[in-house]
Amino acid sequence: MPTTETVPAAYRHAVVPHLLVDDADAALAFYQRAFGAEPRFRLDGDQGEVVHAELTVAGAVMMLGDAGGTLRSPAALGGTPVILHVYVPDVDALTARATAAGAELLEGPADQFHGDRTAMLRDPFGHLWIFLTRLQDLTPEQIAERLAEADGTAGATG
């Protein structure tokens, strides 16, 4: 039986998110503690604000900076419609680490119909995260069949 890749190749290199927060120093420290983020670059402004920083989470690059002017944080907007998806080798371990560091657990780790084990968290800065570990490689047809079974619509006709 072939080994399933825990981080699928298609998701290793994706759109780079640029998160805006109301305390980039604290956010950088949190992401390192909670998600094992590794800093890559940081540019501070004259007032001590983080103008631009780059870090990686499970090898995925993201950008970060202090909100201000027309650039708003989720707190200033009353929430965010964006969810960040990151594949990791062990979603259970990352969830335990993140919640211990102060992330809010919205959905605990669970196996999903699409072949991944997932957990959903909100960080202290208002950003939503779904961390995933691939358990099985499935075809789109298998995923659709499993969804129908989970919804109780398998074999139903319209």
# chains A, B, ... in the order shown; residues from 1 in each chain; ligands from 1
$ closest_atom_pairs --of "stretch 14-45 of chain A" --to "stretch 67-70 of chain A" --cutoff "9 Å" --atoms "only C-alpha atoms" --output "Markdown table"
| residue | atom | partner | partner_atom | distance |
| --- | --- | --- | --- | --- |
| A:Leu19 | CA | A:Ala67 | CA | 8.8 |
| A:Leu20 | CA | A:Ala67 | CA | 5.1 |
| A:Val21 | CA | A:Ala67 | CA | 5.4 |
| A:Asp22 | CA | A:Ala67 | CA | 5.8 |
| A:Asp23 | CA | A:Ala67 | CA | 8.1 |
| A:Ala24 | CA | A:Ala67 | CA | 8.4 |
$ write_last_selection --atoms "C-alpha atoms" --output "PDB file, in the first residue's frame"
ATOM      1  CA  LEU A  19      -2.217  39.057   7.924  1.00  0.00           C
ATOM      2  CA  LEU A  20      -2.923  42.414   9.534  1.00  0.00           C
ATOM      3  CA  VAL A  21      -3.072  42.514  13.313  1.00  0.00           C
ATOM      4  CA  ASP A  22      -3.292  44.992  16.175  1.00  0.00           C
ATOM      5  CA  ASP A  23       0.051  44.014  17.744  1.00  0.00           C
ATOM      6  CA  ALA A  24       2.398  42.381  15.298  1.00  0.00           C
TER       7      ALA A  24
END
$ closest_atom_pairs --of "stretch 40-78 of chain A" --to "stretch 86-94 of chain A" --cutoff "12 Å" --atoms "only C-alpha atoms" --output "CSV"
residue,atom,partner,partner_atom,distance
A:Thr56,CA,A:Val86,CA,10.6
A:Val57,CA,A:Val86,CA,7.7
A:Ala58,CA,A:Val88,CA,6.0
A:Gly59,CA,A:Val88,CA,9.0
A:Ala60,CA,A:Val86,CA,7.5
A:Val61,CA,A:Val86,CA,10.4
A:Met62,CA,A:Val86,CA,10.8
$ write_last_selection --atoms "C-alpha atoms" --output "PDB file, in the first residue's frame"
ATOM      1  CA  THR A  56       6.690  30.144   7.776  1.00  0.00           C
ATOM      2  CA  VAL A  57       4.131  27.841   9.346  1.00  0.00           C
ATOM      3  CA  ALA A  58       4.781  24.186   8.481  1.00  0.00           C
ATOM      4  CA  GLY A  59       6.918  25.453   5.604  1.00  0.00           C
ATOM      5  CA  ALA A  60       4.146  27.690   4.202  1.00  0.00           C
ATOM      6  CA  VAL A  61       5.163  31.335   3.835  1.00  0.00           C
ATOM      7  CA  MET A  62       2.951  34.056   5.271  1.00  0.00           C
TER       8      MET A  62
END
$ closest_residue --among "A:Leu64, A:Leu128, A:Leu105, A:Ala148" --to "A:Ala29" --atoms "only C-alpha atoms"
A:Leu64
$ residues_around --residues "A:Gly115" --least-positions-apart "3" --cutoff "8 Å" --atoms "only C-alpha atoms" --output "list in words"
Asp111, Gln112, Arg134, Leu135, Gln136, Asp137, Leu138 and Ile143 of chain A
$ write_last_selection --atoms "N, CA and C atoms" --output "mmCIF file, in the first residue's frame"
data_model
loop_
_atom_site.group_PDB
_atom_site.id
_atom_site.type_symbol
_atom_site.label_atom_id
_atom_site.label_comp_id
_atom_site.auth_asym_id
_atom_site.auth_seq_id
_atom_site.Cartn_x
_atom_site.Cartn_y
_atom_site.Cartn_z
ATOM 1 N N ASP A 111 -11.464 13.131 12.030
ATOM 2 C CA ASP A 111 -11.330 12.604 10.673
ATOM 3 C C ASP A 111 -12.524 13.080 9.856
ATOM 4 N N GLN A 112 -12.252 13.505 8.625
ATOM 5 C CA GLN A 112 -13.285 14.058 7.763
ATOM 6 C C GLN A 112 -13.521 13.168 6.544
ATOM 7 N N ARG A 134 -3.294 14.923 6.022
ATOM 8 C CA ARG A 134 -3.862 13.997 5.034
ATOM 9 C C ARG A 134 -3.764 12.578 5.570
ATOM 10 N N LEU A 135 -4.894 11.881 5.569
ATOM 11 C CA LEU A 135 -4.936 10.485 6.000
ATOM 12 C C LEU A 135 -5.035 9.536 4.816
ATOM 13 N N GLN A 136 -5.815 9.955 3.797
ATOM 14 C CA GLN A 136 -6.042 9.120 2.620
ATOM 15 C C GLN A 136 -6.098 9.995 1.380
ATOM 16 N N ASP A 137 -5.539 9.501 0.300
ATOM 17 C CA ASP A 137 -5.684 10.162 -0.988
ATOM 18 C C ASP A 137 -6.953 9.619 -1.634
ATOM 19 N N LEU A 138 -7.913 10.482 -1.897
ATOM 20 C CA LEU A 138 -9.192 10.085 -2.474
ATOM 21 C C LEU A 138 -9.422 10.804 -3.797
ATOM 22 N N ILE A 143 -14.715 11.321 -2.714
ATOM 23 C CA ILE A 143 -15.071 12.385 -1.767
ATOM 24 C C ILE A 143 -16.551 12.694 -1.857
#
$ closest_residue --among "A:Ala101, A:Ala37, A:Leu55, A:Leu84" --to "A:Gly126" --atoms "only C-alpha atoms"
A:Leu84
$ select_by_dssp --residues "chain A" --states "strand (DSSP E or B)" --output "ChimeraX atom specification"
/A:18-21,38-44,50-57,60-66,68,71,83-87,104-111,116-122,128-134
$ closest_residue --among "A:Glu141, A:Tyr31, A:Gly78, A:Trp129" --to "A:Leu106" --atoms "only C-alpha atoms"
A:Trp129
